[in-house]
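*Asks:* Sending over data_8.cif (mmCIF, N, CA and C atoms).
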```
data_protein
loop_
_atom_site.label_atom_id
_atom_site.label_comp_id
_atom_site.auth_asym_id
_atom_site.auth_seq_id
_atom_site.Cartn_x
_atom_site.Cartn_y
_atom_site.Cartn_z
N MET A 1 138.19 80.19 108.63
CA MET A 1 137.78 80.47 107.27
C MET A 1 138.91 81.15 106.52
N LYS A 2 139.00 80.83 105.26
CA LYS A 2 140.01 81.47 104.44
C LYS A 2 139.56 82.88 104.06
N PRO A 3 140.51 83.78 103.90
CA PRO A 3 140.14 85.15 103.51
C PRO A 3 139.41 85.20 102.16
N SER A 4 139.75 84.32 101.24
CA SER A 4 139.09 84.35 99.93
C SER A 4 137.63 83.91 100.06
N LEU A 5 137.35 82.99 100.98
CA LEU A 5 135.99 82.53 101.19
C LEU A 5 135.15 83.64 101.83
N VAL A 6 135.72 84.37 102.75
CA VAL A 6 135.03 85.49 103.39
C VAL A 6 134.74 86.58 102.36
N THR A 7 135.71 86.85 101.52
CA THR A 7 135.54 87.85 100.48
C THR A 7 134.43 87.44 99.51
N ALA A 8 134.40 86.18 99.14
CA ALA A 8 133.36 85.69 98.23
C ALA A 8 131.98 85.80 98.90
N PHE A 9 131.91 85.45 100.17
CA PHE A 9 130.64 85.56 100.90
C PHE A 9 130.16 87.00 100.95
N LEU A 10 131.07 87.94 101.26
CA LEU A 10 130.70 89.35 101.32
C LEU A 10 130.26 89.87 99.95
N LEU A 11 130.92 89.41 98.90
CA LEU A 11 130.57 89.83 97.56
C LEU A 11 129.17 89.34 97.18
N ILE A 12 128.89 88.09 97.49
CA ILE A 12 127.57 87.52 97.19
C ILE A 12 126.49 88.23 98.02
N ALA A 13 126.76 88.47 99.29
CA ALA A 13 125.80 89.16 100.15
C ALA A 13 125.54 90.58 99.65
N THR A 14 126.56 91.25 99.17
CA THR A 14 126.40 92.60 98.63
C THR A 14 125.55 92.58 97.37
N ILE A 15 125.79 91.65 96.49
CA ILE A 15 125.02 91.54 95.25
C ILE A 15 123.56 91.25 95.58
N ILE A 16 123.31 90.34 96.49
CA ILE A 16 121.92 90.03 96.89
C ILE A 16 121.27 91.26 97.50
N GLY A 17 122.01 92.00 98.30
CA GLY A 17 121.48 93.22 98.91
C GLY A 17 121.13 94.26 97.87
N ILE A 18 121.96 94.42 96.86
CA ILE A 18 121.68 95.39 95.80
C ILE A 18 120.44 94.98 95.01
N ILE A 19 120.31 93.71 94.69
CA ILE A 19 119.13 93.22 93.97
C ILE A 19 117.87 93.45 94.79
N TYR A 20 117.93 93.16 96.08
CA TYR A 20 116.78 93.37 96.95
C TYR A 20 116.41 94.86 97.02
N TYR A 21 117.41 95.72 97.12
CA TYR A 21 117.16 97.16 97.19
C TYR A 21 116.50 97.66 95.92
N ILE A 22 116.94 97.20 94.77
CA ILE A 22 116.34 97.62 93.49
C ILE A 22 114.89 97.18 93.43
N ALA A 23 114.61 95.95 93.83
CA ALA A 23 113.23 95.46 93.83
C ALA A 23 112.38 96.27 94.79
N TRP A 24 112.88 96.58 95.95
CA TRP A 24 112.14 97.36 96.95
C TRP A 24 111.86 98.77 96.43
N GLU A 25 112.85 99.38 95.81
CA GLU A 25 112.71 100.74 95.28
C GLU A 25 111.64 100.79 94.19
N ARG A 26 111.60 99.80 93.34
CA ARG A 26 110.58 99.77 92.29
C ARG A 26 109.18 99.66 92.88
N ARG A 27 109.05 98.88 93.93
CA ARG A 27 107.74 98.73 94.57
C ARG A 27 107.29 100.06 95.17
N ILE A 28 108.21 100.79 95.76
CA ILE A 28 107.87 102.09 96.35
C ILE A 28 107.48 103.08 95.26
N ILE A 29 108.19 103.06 94.13
CA ILE A 29 107.86 103.96 93.03
C ILE A 29 106.46 103.66 92.50
N GLU A 30 106.11 102.39 92.36
CA GLU A 30 104.77 102.02 91.89
C GLU A 30 103.70 102.52 92.85
N ARG A 31 103.94 102.38 94.13
CA ARG A 31 102.97 102.85 95.12
C ARG A 31 102.81 104.36 95.06
N SER A 32 103.90 105.08 94.91
CA SER A 32 103.80 106.54 94.86
C SER A 32 103.05 106.98 93.61
N LYS A 33 103.20 106.26 92.51
CA LYS A 33 102.44 106.59 91.30
C LYS A 33 100.95 106.38 91.54
N ARG A 34 100.60 105.28 92.21
CA ARG A 34 99.18 105.01 92.51
C ARG A 34 98.61 106.08 93.42
N PHE A 35 99.37 106.47 94.45
CA PHE A 35 98.89 107.50 95.37
C PHE A 35 98.71 108.83 94.65
N LYS A 36 99.60 109.13 93.71
CA LYS A 36 99.48 110.38 92.97
C LYS A 36 98.21 110.37 92.12
N LYS A 37 97.90 109.24 91.49
CA LYS A 37 96.67 109.14 90.71
C LYS A 37 95.45 109.30 91.60
N ILE A 38 95.48 108.71 92.78
CA ILE A 38 94.36 108.84 93.72
C ILE A 38 94.19 110.29 94.15
N GLU A 39 95.30 110.96 94.47
CA GLU A 39 95.23 112.37 94.88
C GLU A 39 94.67 113.24 93.76
N GLU A 40 95.08 112.98 92.52
CA GLU A 40 94.57 113.75 91.39
C GLU A 40 93.06 113.55 91.25
N GLY A 41 92.61 112.32 91.42
CA GLY A 41 91.17 112.04 91.34
C GLY A 41 90.40 112.74 92.44
N LEU A 42 90.94 112.74 93.65
CA LEU A 42 90.28 113.42 94.76
C LEU A 42 90.22 114.93 94.54
N GLU A 43 91.28 115.49 93.96
CA GLU A 43 91.28 116.92 93.68
C GLU A 43 90.20 117.27 92.65
N LYS A 44 90.02 116.41 91.65
CA LYS A 44 88.97 116.65 90.65
C LYS A 44 87.59 116.58 91.29
N ILE A 45 87.39 115.62 92.17
CA ILE A 45 86.10 115.48 92.85
C ILE A 45 85.84 116.70 93.73
N GLU A 46 86.87 117.13 94.45
CA GLU A 46 86.72 118.31 95.32
C GLU A 46 86.39 119.55 94.50
N LYS A 47 87.05 119.72 93.37
CA LYS A 47 86.78 120.87 92.50
C LYS A 47 85.34 120.82 91.97
N ALA A 48 84.90 119.63 91.57
CA ALA A 48 83.54 119.47 91.06
C ALA A 48 82.51 119.78 92.14
N LEU A 49 82.76 119.32 93.35
CA LEU A 49 81.83 119.60 94.45
C LEU A 49 81.76 121.10 94.75
N LYS A 50 82.90 121.77 94.72
CA LYS A 50 82.90 123.21 94.97
C LYS A 50 82.14 123.96 93.88
N GLU A 51 82.30 123.54 92.65
CA GLU A 51 81.56 124.17 91.56
C GLU A 51 80.06 123.96 91.73
N TYR A 52 79.68 122.75 92.09
CA TYR A 52 78.26 122.44 92.29
C TYR A 52 77.70 123.18 93.50
N ALA A 53 78.54 123.39 94.50
CA ALA A 53 78.09 124.07 95.72
C ALA A 53 77.76 125.54 95.47
N LYS A 54 78.29 126.09 94.39
CA LYS A 54 77.95 127.48 94.06
C LYS A 54 76.47 127.62 93.74
N ALA A 55 75.88 126.57 93.18
CA ALA A 55 74.45 126.60 92.83
C ALA A 55 73.58 126.01 93.95
N GLU A 56 74.11 125.09 94.70
CA GLU A 56 73.35 124.42 95.76
C GLU A 56 73.82 124.93 97.12
N LEU A 57 73.01 125.72 97.76
CA LEU A 57 73.40 126.33 99.04
C LEU A 57 73.54 125.28 100.15
N ARG A 58 72.72 124.26 100.12
CA ARG A 58 72.79 123.22 101.16
C ARG A 58 74.14 122.50 101.10
N LEU A 59 74.58 122.20 99.89
CA LEU A 59 75.90 121.56 99.73
C LEU A 59 77.00 122.50 100.18
N ALA A 60 76.86 123.77 99.88
CA ALA A 60 77.86 124.75 100.31
C ALA A 60 77.95 124.80 101.84
N GLU A 61 76.80 124.73 102.52
CA GLU A 61 76.80 124.72 103.99
C GLU A 61 77.52 123.48 104.52
N ILE A 62 77.25 122.34 103.91
CA ILE A 62 77.88 121.09 104.36
C ILE A 62 79.39 121.17 104.16
N LEU A 63 79.81 121.65 103.01
CA LEU A 63 81.25 121.76 102.75
C LEU A 63 81.92 122.73 103.71
N ARG A 64 81.23 123.84 104.01
CA ARG A 64 81.80 124.80 104.96
C ARG A 64 81.89 124.20 106.37
N SER A 65 80.88 123.41 106.74
CA SER A 65 80.90 122.81 108.08
C SER A 65 82.03 121.79 108.21
N ARG A 66 82.43 121.20 107.11
CA ARG A 66 83.53 120.23 107.12
C ARG A 66 84.87 120.89 106.78
N ARG A 67 84.82 122.22 106.63
CA ARG A 67 86.00 123.02 106.30
C ARG A 67 86.65 122.60 104.98
N LEU A 68 85.80 122.28 104.01
CA LEU A 68 86.27 121.91 102.68
C LEU A 68 86.12 123.05 101.69
N MET A 69 85.45 124.10 102.14
CA MET A 69 85.22 125.21 101.23
C MET A 69 85.59 126.51 101.89
#
```
As structure tokens, how would this structure be written, given the file I've shared?
*Replies:*
Amino acid sequence: MKPSLVTAFLLIATIIGIIYYIAWERRIIERSKRFKKIEEGLEKIEKALKEYAKAELRLAEILRSRRLM
């Protein structure tokens, strides 16, 4: 193989690798945003349950048994 052909191949492979990495990174960022939204929703639910458990003793017992309160 000629050195110029090898150089061209390496250049093309590098460009393809960079494009693939950018696409992969965007997918990971999207997933982390979704997980963050899910975590925020769960925190709101947990807070609401704890507030409700202050009035409902049975719910408070259940939350304590599950170590959520």
*Asks:* Could you please determine the separation between atom CA of Leu63 of chain A and atom CA of Ile45 of chain A in Å, to one decimal place?
*Replies:*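 Result for atom CA of Leu63 of chain A versus atom CA of Ile45 of chain A: 12.7 Å, one decimal.
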*Asks:* As an exercise, work out the distance from atom CA of Glu51 of chain A to atom CA of Met69 of chain A in Å and give it to one decimal place.
*Replies:*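 Calculated distance between atom CA of Glu51 of chain A and atom CA of Met69 of chain A is 10.4 Å.
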*Asks:* In Å, with one decimal, what is the gap from atom CA of Glu25 of chain A to atom C of Phe9 of chain A?
*Replies:*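 The value is 22.9 Å.
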